[in-house]
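Asker: Structure: my_file39.cif, mmCIF, C-alpha atoms, pLDDT in the B column; chains and numbers go by the auth columns.
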data_final
loop_
_atom_site.group_PDB
_atom_site.id
_atom_site.type_symbol
_atom_site.label_atom_id
_atom_site.label_comp_id
_atom_site.label_asym_id
_atom_site.label_seq_id
_atom_site.Cartn_x
_atom_site.Cartn_y
_atom_site.Cartn_z
_atom_site.B_iso_or_equiv
_atom_site.auth_seq_id
_atom_site.auth_asym_id
ATOM 1 C CA GLY A 1 -28.847 -28.544 0.024 50.00 30 A
ATOM 2 C CA ASP A 2 -27.376 -27.253 3.248 59.00 31 A
ATOM 3 C CA PRO A 3 -29.607 -27.009 6.320 56.00 32 A
ATOM 4 C CA VAL A 4 -30.896 -23.492 7.037 56.00 33 A
ATOM 5 C CA ALA A 5 -30.990 -22.224 10.597 64.00 34 A
ATOM 6 C CA ILE A 6 -33.638 -19.775 11.815 68.00 35 A
ATOM 7 C CA LYS A 7 -31.526 -17.075 13.435 73.00 36 A
ATOM 8 C CA GLU A 8 -30.710 -13.391 13.510 81.00 37 A
ATOM 9 C CA PRO A 9 -28.977 -11.927 10.439 82.00 38 A
ATOM 10 C CA THR A 10 -25.261 -12.615 10.236 87.00 39 A
ATOM 11 C CA SER A 11 -23.386 -9.728 11.826 89.00 40 A
ATOM 12 C CA VAL A 12 -20.105 -8.523 13.320 92.00 41 A
ATOM 13 C CA ALA A 13 -19.862 -6.554 16.563 91.00 42 A
ATOM 14 C CA PHE A 14 -17.197 -3.837 16.590 94.00 43 A
ATOM 15 C CA ARG A 15 -15.930 -3.854 20.145 93.00 44 A
ATOM 16 C CA ARG A 16 -13.154 -1.542 21.297 93.00 45 A
ATOM 17 C CA GLN A 17 -10.505 -4.209 21.437 95.00 46 A
ATOM 18 C CA ALA A 18 -7.546 -5.338 19.375 95.00 47 A
ATOM 19 C CA GLY A 19 -8.399 -7.089 16.125 95.00 48 A
ATOM 20 C CA ALA A 20 -11.894 -5.614 15.758 97.00 49 A
ATOM 21 C CA ASN A 21 -11.512 -5.088 12.012 98.00 50 A
ATOM 22 C CA VAL A 22 -13.108 -6.868 9.039 98.00 51 A
ATOM 23 C CA LEU A 23 -11.308 -8.222 5.980 98.00 52 A
ATOM 24 C CA VAL A 24 -13.250 -9.263 2.872 98.00 53 A
ATOM 25 C CA VAL A 25 -11.445 -11.376 0.258 97.00 54 A
ATOM 26 C CA GLY A 26 -12.775 -12.650 -3.057 96.00 55 A
ATOM 27 C CA GLN A 27 -13.431 -11.668 -6.653 94.00 56 A
ATOM 28 C CA GLN A 28 -17.120 -10.887 -6.173 95.00 57 A
ATOM 29 C CA GLU A 29 -16.889 -7.124 -6.757 96.00 58 A
ATOM 30 C CA GLU A 30 -20.606 -6.376 -6.649 95.00 59 A
ATOM 31 C CA LEU A 31 -21.279 -8.449 -3.541 95.00 60 A
ATOM 32 C CA SER A 32 -18.254 -6.908 -1.824 96.00 61 A
ATOM 33 C CA MET A 33 -19.570 -3.434 -2.585 97.00 62 A
ATOM 34 C CA ALA A 34 -23.021 -4.452 -1.339 95.00 63 A
ATOM 35 C CA LEU A 35 -21.460 -5.817 1.835 95.00 64 A
ATOM 36 C CA MET A 36 -19.671 -2.533 2.500 96.00 65 A
ATOM 37 C CA ALA A 37 -22.674 -0.366 1.663 95.00 66 A
ATOM 38 C CA SER A 38 -25.005 -2.348 3.918 94.00 67 A
ATOM 39 C CA SER A 39 -22.387 -2.273 6.684 95.00 68 A
ATOM 40 C CA ILE A 40 -22.160 1.525 6.529 95.00 69 A
ATOM 41 C CA ILE A 41 -25.932 1.917 6.655 94.00 70 A
ATOM 42 C CA SER A 42 -26.294 -0.589 9.501 93.00 71 A
ATOM 43 C CA ILE A 43 -23.553 1.038 11.590 95.00 72 A
ATOM 44 C CA ALA A 44 -24.917 4.529 10.943 93.00 73 A
ATOM 45 C CA ALA A 45 -28.367 3.475 12.122 91.00 74 A
ATOM 46 C CA GLN A 46 -27.015 2.042 15.379 92.00 75 A
ATOM 47 C CA ALA A 47 -24.292 4.621 16.089 92.00 76 A
ATOM 48 C CA PRO A 48 -25.575 8.107 15.183 90.00 77 A
ATOM 49 C CA ASN A 49 -22.222 9.689 16.091 93.00 78 A
ATOM 50 C CA ALA A 50 -20.129 7.350 13.932 95.00 79 A
ATOM 51 C CA LYS A 51 -18.074 8.813 11.096 96.00 80 A
ATOM 52 C CA PHE A 52 -16.903 7.073 7.939 97.00 81 A
ATOM 53 C CA ILE A 53 -13.774 7.561 5.844 97.00 82 A
ATOM 54 C CA ILE A 54 -14.103 5.756 2.513 97.00 83 A
ATOM 55 C CA LEU A 55 -11.272 4.923 0.135 98.00 84 A
ATOM 56 C CA ASP A 56 -13.228 3.828 -2.935 97.00 85 A
ATOM 57 C CA GLY A 57 -10.961 2.121 -5.448 95.00 86 A
ATOM 58 C CA THR A 58 -13.750 1.488 -7.946 95.00 87 A
ATOM 59 C CA PRO A 59 -12.604 2.280 -11.525 93.00 88 A
ATOM 60 C CA ALA A 60 -14.356 5.302 -13.006 91.00 89 A
ATOM 61 C CA ASP A 61 -15.842 3.217 -15.838 93.00 90 A
ATOM 62 C CA SER A 62 -17.278 0.562 -13.504 94.00 91 A
ATOM 63 C CA PRO A 63 -21.060 0.321 -13.027 94.00 92 A
ATOM 64 C CA LEU A 64 -20.312 0.306 -9.283 95.00 93 A
ATOM 65 C CA ALA A 65 -18.628 3.722 -9.380 94.00 94 A
ATOM 66 C CA GLY A 66 -21.725 5.585 -8.189 93.00 95 A
ATOM 67 C CA VAL A 67 -22.646 3.369 -5.234 95.00 96 A
ATOM 68 C CA MET A 68 -20.515 4.985 -2.522 96.00 97 A
ATOM 69 C CA PRO A 69 -21.425 8.557 -3.562 95.00 98 A
ATOM 70 C CA ARG A 70 -25.100 7.618 -3.283 94.00 99 A
ATOM 71 C CA VAL A 71 -24.533 6.119 0.171 95.00 100 A
ATOM 72 C CA ARG A 72 -22.687 9.295 1.200 94.00 101 A
ATOM 73 C CA ASP A 73 -25.558 11.463 -0.025 93.00 102 A
ATOM 74 C CA ALA A 74 -28.066 9.345 1.885 92.00 103 A
ATOM 75 C CA LEU A 75 -26.170 9.623 5.177 92.00 104 A
ATOM 76 C CA GLY A 76 -24.971 13.180 4.734 85.00 105 A
ATOM 77 C CA ALA A 77 -21.564 14.530 3.740 79.00 106 A
ATOM 78 C CA GLY A 78 -20.913 15.527 7.346 87.00 107 A
ATOM 79 C CA ARG A 79 -20.718 11.886 8.387 92.00 108 A
ATOM 80 C CA VAL A 80 -19.053 10.404 5.318 95.00 109 A
ATOM 81 C CA ASP A 81 -15.733 11.501 3.834 96.00 110 A
ATOM 82 C CA LEU A 82 -15.285 10.029 0.357 96.00 111 A
ATOM 83 C CA VAL A 83 -11.545 10.332 -0.258 96.00 112 A
ATOM 84 C CA GLU A 84 -10.141 10.862 -3.740 95.00 113 A
ATOM 85 C CA TYR A 85 -7.417 8.452 -4.820 94.00 114 A
ATOM 86 C CA ARG A 86 -4.784 11.195 -4.911 95.00 115 A
ATOM 87 C CA ALA A 87 -5.619 12.209 -1.336 96.00 116 A
ATOM 88 C CA THR A 88 -5.107 8.728 0.123 97.00 117 A
ATOM 89 C CA GLU A 89 -1.842 9.465 1.913 96.00 118 A
ATOM 90 C CA GLU A 90 -3.217 12.697 3.380 96.00 119 A
ATOM 91 C CA ALA A 91 -6.352 10.941 4.671 97.00 120 A
ATOM 92 C CA ILE A 92 -4.315 8.141 6.264 97.00 121 A
ATOM 93 C CA ALA A 93 -1.993 10.708 7.868 97.00 122 A
ATOM 94 C CA GLU A 94 -4.962 12.589 9.359 97.00 123 A
ATOM 95 C CA LEU A 95 -6.456 9.380 10.715 97.00 124 A
ATOM 96 C CA ALA A 96 -3.094 8.339 12.184 97.00 125 A
ATOM 97 C CA ALA A 97 -2.868 11.754 13.871 96.00 126 A
ATOM 98 C CA GLU A 98 -6.347 11.284 15.314 96.00 127 A
ATOM 99 C CA LEU A 99 -5.328 7.874 16.640 96.00 128 A
ATOM 100 C CA GLN A 100 -2.255 9.374 18.285 95.00 129 A
ATOM 101 C CA ARG A 101 -4.364 12.149 19.795 95.00 130 A
ATOM 102 C CA ARG A 102 -6.829 9.656 21.254 94.00 131 A
ATOM 103 C CA GLU A 103 -4.035 7.549 22.706 92.00 132 A
ATOM 104 C CA THR A 104 -2.372 10.613 24.242 91.00 133 A
ATOM 105 C CA GLU A 105 -5.419 12.421 25.595 87.00 134 A
ATOM 106 C CA GLY A 106 -7.477 9.403 26.560 76.00 135 A
ATOM 107 C CA GLY A 107 -11.097 10.230 27.294 72.00 136 A
ATOM 108 C CA ALA A 108 -14.182 8.087 27.577 77.00 137 A
ATOM 109 C CA ASN A 109 -15.573 6.557 24.403 85.00 138 A
ATOM 110 C CA PRO A 110 -14.776 9.066 21.654 91.00 139 A
ATOM 111 C CA PRO A 111 -17.059 8.800 18.597 94.00 140 A
ATOM 112 C CA PRO A 112 -16.286 5.708 16.487 96.00 141 A
ATOM 113 C CA ILE A 113 -14.559 6.131 13.147 97.00 142 A
ATOM 114 C CA PHE A 114 -14.751 3.524 10.392 98.00 143 A
ATOM 115 C CA LEU A 115 -12.147 3.377 7.623 98.00 144 A
ATOM 116 C CA LEU A 116 -13.448 1.496 4.590 98.00 145 A
ATOM 117 C CA VAL A 117 -11.080 0.461 1.820 98.00 146 A
ATOM 118 C CA TYR A 118 -12.793 -0.912 -1.275 98.00 147 A
ATOM 119 C CA GLY A 119 -10.133 -2.412 -3.538 97.00 148 A
ATOM 120 C CA LEU A 120 -7.157 -2.651 -1.200 97.00 149 A
ATOM 121 C CA GLN A 121 -5.114 -4.108 -4.073 96.00 150 A
ATOM 122 C CA ARG A 122 -5.400 -0.800 -5.963 96.00 151 A
ATOM 123 C CA TYR A 123 -3.872 1.381 -3.244 96.00 152 A
ATOM 124 C CA ARG A 124 -0.126 1.361 -3.768 94.00 153 A
ATOM 125 C CA ALA A 125 0.322 3.887 -0.961 94.00 154 A
ATOM 126 C CA LEU A 126 -0.914 1.281 1.529 96.00 155 A
ATOM 127 C CA ARG A 127 1.210 -1.543 0.147 94.00 156 A
ATOM 128 C CA LYS A 128 3.888 -2.814 2.507 90.00 157 A
ATOM 129 C CA SER A 129 7.338 -1.435 1.765 84.00 158 A
ATOM 130 C CA GLU A 130 10.511 -3.441 2.076 70.00 159 A
ATOM 131 C CA ASP A 131 12.879 -1.877 4.610 59.00 160 A
ATOM 132 C CA SER A 132 16.455 -1.766 3.509 40.00 161 A
ATOM 133 C CA SER A 133 19.699 -1.167 5.329 39.00 162 A
ATOM 134 C CA PHE A 134 20.909 0.915 2.393 42.00 163 A
ATOM 135 C CA SER A 135 19.369 4.140 1.168 47.00 164 A
ATOM 136 C CA PHE A 136 20.275 5.963 -2.004 50.00 165 A
ATOM 137 C CA GLY A 137 17.492 8.536 -1.776 53.00 166 A
ATOM 138 C CA ALA A 138 17.437 12.047 -0.379 51.00 167 A
ATOM 139 C CA SER A 139 18.080 12.622 3.276 51.00 168 A
ATOM 140 C CA GLY A 140 16.696 15.088 5.800 52.00 169 A
ATOM 141 C CA GLU A 141 13.030 15.927 5.989 50.00 170 A
ATOM 142 C CA GLU A 142 11.954 13.275 3.474 50.00 171 A
ATOM 143 C CA GLU A 143 13.307 10.530 5.724 55.00 172 A
ATOM 144 C CA LYS A 144 11.281 11.862 8.652 64.00 173 A
ATOM 145 C CA LYS A 145 8.011 11.942 6.720 73.00 174 A
ATOM 146 C CA PRO A 146 5.752 9.117 7.960 83.00 175 A
ATOM 147 C CA GLN A 147 4.953 6.501 5.351 92.00 176 A
ATOM 148 C CA ALA A 148 1.308 5.742 4.625 95.00 177 A
ATOM 149 C CA ASP A 149 1.790 1.962 4.737 95.00 178 A
ATOM 150 C CA LYS A 150 3.271 2.106 8.231 95.00 179 A
ATOM 151 C CA GLN A 151 0.556 4.488 9.421 97.00 180 A
ATOM 152 C CA PHE A 152 -2.054 2.121 7.991 97.00 181 A
ATOM 153 C CA ALA A 153 -0.461 -0.778 9.886 96.00 182 A
ATOM 154 C CA ASP A 154 -0.601 1.311 13.088 97.00 183 A
ATOM 155 C CA ILE A 155 -4.290 2.034 12.492 98.00 184 A
ATOM 156 C CA LEU A 156 -5.015 -1.673 12.028 97.00 185 A
ATOM 157 C CA ARG A 157 -3.101 -2.608 15.181 97.00 186 A
ATOM 158 C CA ASP A 158 -3.979 0.185 17.608 97.00 187 A
ATOM 159 C CA GLY A 159 -7.097 1.725 16.093 97.00 188 A
ATOM 160 C CA PRO A 160 -9.836 -0.616 17.360 97.00 189 A
ATOM 161 C CA ALA A 161 -9.014 -0.017 21.032 95.00 190 A
ATOM 162 C CA ALA A 162 -9.385 3.713 20.363 95.00 191 A
ATOM 163 C CA GLY A 163 -12.653 3.308 18.443 96.00 192 A
ATOM 164 C CA ILE A 164 -11.125 3.380 14.938 97.00 193 A
ATOM 165 C CA HIS A 165 -12.070 0.271 12.944 98.00 194 A
ATOM 166 C CA THR A 166 -11.184 -0.836 9.410 98.00 195 A
ATOM 167 C CA ILE A 167 -13.284 -2.724 6.860 98.00 196 A
ATOM 168 C CA ALA A 168 -11.276 -3.651 3.765 98.00 197 A
ATOM 169 C CA TRP A 169 -11.929 -5.631 0.584 98.00 198 A
ATOM 170 C CA CYS A 170 -9.160 -7.236 -1.483 97.00 199 A
ATOM 171 C CA ASP A 171 -9.909 -9.241 -4.619 96.00 200 A
ATOM 172 C CA THR A 172 -7.476 -12.158 -4.224 96.00 201 A
ATOM 173 C CA ALA A 173 -5.353 -13.794 -1.556 96.00 202 A
ATOM 174 C CA ALA A 174 -2.276 -13.193 -3.728 96.00 203 A
ATOM 175 C CA ALA A 175 -2.982 -9.455 -3.909 96.00 204 A
ATOM 176 C CA LEU A 176 -3.538 -9.391 -0.160 96.00 205 A
ATOM 177 C CA GLU A 177 -0.151 -11.012 0.395 95.00 206 A
ATOM 178 C CA ARG A 178 1.503 -8.358 -1.771 94.00 207 A
ATOM 179 C CA THR A 179 -0.242 -5.563 0.132 95.00 208 A
ATOM 180 C CA LEU A 180 -0.133 -6.573 3.803 95.00 209 A
ATOM 181 C CA ASP A 181 2.339 -8.569 5.820 94.00 210 A
ATOM 182 C CA ARG A 182 1.243 -11.434 8.041 93.00 211 A
ATOM 183 C CA ALA A 183 1.199 -9.292 11.178 94.00 212 A
ATOM 184 C CA ALA A 184 -1.217 -6.820 9.553 95.00 213 A
ATOM 185 C CA VAL A 185 -3.524 -9.600 8.317 95.00 214 A
ATOM 186 C CA ARG A 186 -3.721 -10.964 11.865 95.00 215 A
ATOM 187 C CA GLU A 187 -5.232 -7.644 12.957 97.00 216 A
ATOM 188 C CA PHE A 188 -8.424 -8.676 11.139 97.00 217 A
ATOM 189 C CA ASP A 189 -10.136 -11.010 13.601 96.00 218 A
ATOM 190 C CA ASN A 190 -13.212 -11.121 11.364 97.00 219 A
ATOM 191 C CA ARG A 191 -12.770 -12.332 7.781 97.00 220 A
ATOM 192 C CA VAL A 192 -15.332 -12.718 5.011 97.00 221 A
ATOM 193 C CA LEU A 193 -14.473 -15.076 2.161 97.00 222 A
ATOM 194 C CA PHE A 194 -16.107 -15.496 -1.212 96.00 223 A
ATOM 195 C CA GLN A 195 -15.446 -18.489 -3.453 95.00 224 A
ATOM 196 C CA MET A 196 -11.722 -19.218 -3.804 95.00 225 A
ATOM 197 C CA SER A 197 -9.274 -22.102 -3.971 95.00 226 A
ATOM 198 C CA ALA A 198 -9.012 -24.516 -1.077 96.00 227 A
ATOM 199 C CA ASN A 199 -5.390 -23.476 -0.531 96.00 228 A
ATOM 200 C CA ASP A 200 -6.192 -19.751 -0.305 96.00 229 A
ATOM 201 C CA SER A 201 -9.122 -20.478 1.984 95.00 230 A
ATOM 202 C CA SER A 202 -6.926 -22.577 4.266 95.00 231 A
ATOM 203 C CA ASN A 203 -4.335 -19.822 4.467 94.00 232 A
ATOM 204 C CA LEU A 204 -6.942 -17.254 5.459 95.00 233 A
ATOM 205 C CA ILE A 205 -9.242 -19.166 7.819 94.00 234 A
ATOM 206 C CA ASP A 206 -7.478 -22.500 8.418 93.00 235 A
ATOM 207 C CA SER A 207 -10.205 -24.295 6.471 93.00 236 A
ATOM 208 C CA PRO A 208 -10.754 -25.173 2.788 95.00 237 A
ATOM 209 C CA LEU A 209 -14.495 -24.349 3.012 93.00 238 A
ATOM 210 C CA GLY A 210 -14.105 -21.320 0.757 93.00 239 A
ATOM 211 C CA ASN A 211 -13.692 -23.749 -2.134 93.00 240 A
ATOM 212 C CA LYS A 212 -17.232 -25.046 -1.655 91.00 241 A
ATOM 213 C CA LEU A 213 -19.073 -21.733 -1.857 91.00 242 A
ATOM 214 C CA GLY A 214 -21.516 -20.874 -4.622 86.00 243 A
ATOM 215 C CA SER A 215 -21.695 -17.607 -6.526 84.00 244 A
ATOM 216 C CA TYR A 216 -23.962 -15.829 -4.043 89.00 245 A
ATOM 217 C CA ARG A 217 -22.631 -17.176 -0.768 92.00 246 A
ATOM 218 C CA ALA A 218 -19.884 -16.113 1.600 95.00 247 A
ATOM 219 C CA LEU A 219 -18.231 -17.296 4.802 95.00 248 A
ATOM 220 C CA LEU A 220 -17.832 -15.240 7.961 96.00 249 A
ATOM 221 C CA TYR A 221 -14.909 -16.412 10.061 96.00 250 A
ATOM 222 C CA SER A 222 -14.270 -15.168 13.591 94.00 251 A
ATOM 223 C CA GLU A 223 -10.769 -15.877 14.815 92.00 252 A
ATOM 224 C CA GLU A 224 -11.682 -14.775 18.337 88.00 253 A
ATOM 225 C CA GLN A 225 -14.620 -17.187 18.610 89.00 254 A
ATOM 226 C CA GLY A 226 -13.225 -19.857 16.287 88.00 255 A
ATOM 227 C CA THR A 227 -16.468 -20.010 14.295 91.00 256 A
ATOM 228 C CA THR A 228 -17.269 -20.156 10.577 93.00 257 A
ATOM 229 C CA GLU A 229 -20.713 -19.252 9.262 93.00 258 A
ATOM 230 C CA LYS A 230 -22.063 -19.408 5.719 92.00 259 A
ATOM 231 C CA PHE A 231 -24.359 -16.547 4.736 92.00 260 A
ATOM 232 C CA ARG A 232 -25.855 -14.754 1.762 91.00 261 A
ATOM 233 C CA PRO A 233 -24.843 -11.064 1.496 90.00 262 A
ATOM 234 C CA TYR A 234 -27.443 -8.375 0.919 89.00 263 A
ATOM 235 C CA ALA A 235 -27.843 -6.977 -2.587 91.00 264 A
ATOM 236 C CA LEU A 236 -26.755 -3.463 -3.520 93.00 265 A
ATOM 237 C CA PRO A 237 -28.956 -0.814 -1.895 90.00 266 A
ATOM 238 C CA GLY A 238 -31.557 0.464 -4.331 89.00 267 A
ATOM 239 C CA ALA A 239 -32.775 4.022 -4.800 88.00 268 A
ATOM 240 C CA ARG A 240 -35.912 3.517 -2.667 89.00 269 A
ATOM 241 C CA TRP A 241 -33.908 2.004 0.180 87.00 270 A
ATOM 242 C CA LEU A 242 -31.409 4.882 0.130 89.00 271 A
ATOM 243 C CA GLU A 243 -34.254 7.389 0.070 89.00 272 A
ATOM 244 C CA HIS A 244 -35.688 5.725 3.149 86.00 273 A
ATOM 245 C CA VAL A 245 -32.255 5.885 4.790 86.00 274 A
ATOM 246 C CA ARG A 246 -31.992 9.602 3.942 85.00 275 A
ATOM 247 C CA ALA A 247 -35.402 10.303 5.455 86.00 276 A
ATOM 248 C CA SER A 248 -34.548 8.327 8.584 83.00 277 A
ATOM 249 C CA MET A 249 -31.276 10.192 9.088 80.00 278 A
ATOM 250 C CA GLN A 250 -33.029 13.547 8.840 74.00 279 A
ATOM 251 C CA LYS A 251 -35.428 12.783 11.698 69.00 280 A
#
Would you kindly transcribe this structure into structure tokens?

Answerer:
Amino acid sequence: GDPVAIKEPTSVAFRRQAGANVLVVGQQEELSMALMASSIISIAAQAPNAKFIILDGTPADSPLAGVMPRVRDALGAGRVDLVEYRATEEAIAELAAELQRRETEGGANPPPIFLLVYGLQRYRALRKSEDSSFSFGASGEEEKKPQADKQFADILRDGPAAGIHTIAWCDTAAALERTLDRAAVREFDNRVLFQMSANDSSNLIDSPLGNKLGSYRALLYSEEQGTTEKFRPYALPGARWLEHVRASMQK
């Protein structure tokens, strides 16, 4: 097997600089959910003033549908906003307004905000739109209304420097290509890959190593540092762990 290094747990540092976002790609739904849940809990423990906005695209009939609500209950509803699918555009608009306010007013180190998108491929409102020189739609106020996909792109590009970071999971490289353009994908300096084809892996991290992963392994790629690390994601948080988290947050 592969050699195992004795080291600290694999992690990502969210610095206030361009590109400080995380993209997760692969068809491991449960491990992707576990990765997001453990990330929320880890960030909350280290940054007590951090807030979380969660777009949970889990189907209602999925066994994973209750994970994010349980994480929210453990941390407290005041810190976690679990957005309904129909309210996606409104939530993105509010976050874009907060980004604009931070850029305009400045200030020293406002509280960090983390936008988590589980199932990016399911959010049509965030899917890139094709600009056209011709318009056959209504004019006036509707033309002036900001589009959620463009606001999302602004959040990815300008958010990290203002303390607004994004963690997103998309199931396939093809779905990612349909959702985000190349410029938006480049705003994710940190990328986590589960098992996929060598071609998709090469497109995402300039290496075919994603083709050699097993079922319970992932790769963490840092574009800034030029490093690739294999790791094993944590499992889904159990009831006892979440109860411990709840008790810790109440202290």

Asker: Could you pull the residues within 12 Å of Gly267 in chain A, counting only C-alpha atoms, minus those fewer than 2 positions along the same chain, as a PyMOL selection string?

Answerer: chain A and resi 63+66-67+95-96+99-100+103+263-265+269-274

Asker: Just to confirm, what's the straight-line distance from CA of Arg115 in chain A to CA of Arg211 in chain A in Å (one decimal)?

Answerer: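 Between these atoms lies a distance of 26.8 Å.
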
Asker: Looking at A:Arg131, A:Arg246, A:Arg101, A:Lys36, which one is nearest to Asp187 in chain A, with distances taken over all atoms listed in the file?

Answerer: A:Arg131

Asker: Could you check which residues have any atom within 12 Å of (-4.9, 1.9, 15.3), counting all atoms listed in the file with coordinates taken straight from the file, and then list them as a PyMOL selection string?

Answerer: chain A and resi 45-50+121-122+124-132+142-144+179-195+213+216-217

Asker: Exactly which residues make up the result of the PyMOL selection byres ((chain A and resi 204) around 12) on this file, given as JSON, numbers by chain?

Answerer: {"A": [54, 55, 56, 148, 149, 150, 151, 152, 153, 156, 157, 198, 199, 200, 201, 202, 203, 205, 206, 207, 208, 209, 210, 229]}

Asker: So what do you get for CA of Ser71 in chain A versus CA of Glu258 in chain A, distance-wise?

Answerer: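 Answer for the CA of Ser71 in chain A to CA of Glu258 in chain A separation: 19.5 Å.
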
Asker: Name every residue that the PyMOL selection byres ((chain A and resi 118) around 9) selects in this structure, writing the answer as number ranges by chain with chains first and numbers rising.

Answerer: A: 114-117, 119-123, 154-155, 176-178

Asker: Let me know the residues the PyMOL selection byres ((chain A and resi 81) around 12) catches in the file above, as a VMD selection string.

Answerer: chain A and resid 65 to 66 68 to 70 72 to 73 76 to 80 82 to 85 97 100 to 101 104 to 112 120 124 140 to 146 192 to 196

Asker: A:Ser40, A:Gln224, A:Thr257, A:Gln75: which is nearest Ser244 in chain A, counting all atoms listed in the file?

Answerer: A:Gln224

Asker: Write out as a list of chain:residue names the residues lying within 8 Å of Thr87 in chain A, counting only C-alpha atoms and excluding same-chain residues fewer than 5 positions away.

Answerer: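 Skipping anything fewer than 5 positions along the chain leaves A:Leu93, A:Ala94, A:Tyr147, A:Gly148.
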
Asker: Kindly save the residues from that selection, with C-alpha atoms included, as a PDB file, keeping the file's coordinate frame.

Answerer:
ATOM      1  CA  LEU A  93     -20.312   0.306  -9.283  1.00 95.00           C
ATOM      2  CA  ALA A  94     -18.628   3.722  -9.380  1.00 94.00           C
ATOM      3  CA  TYR A 147     -12.793  -0.912  -1.275  1.00 98.00           C
ATOM      4  CA  GLY A 148     -10.133  -2.412  -3.538  1.00 97.00           C
TER       5      GLY A 148
END

Asker: As an exercise, work out the distance from CA of Pro266 in chain A to CA of Glu59 in chain A in Å and give it to one decimal place.

Answerer: 11.1 Å
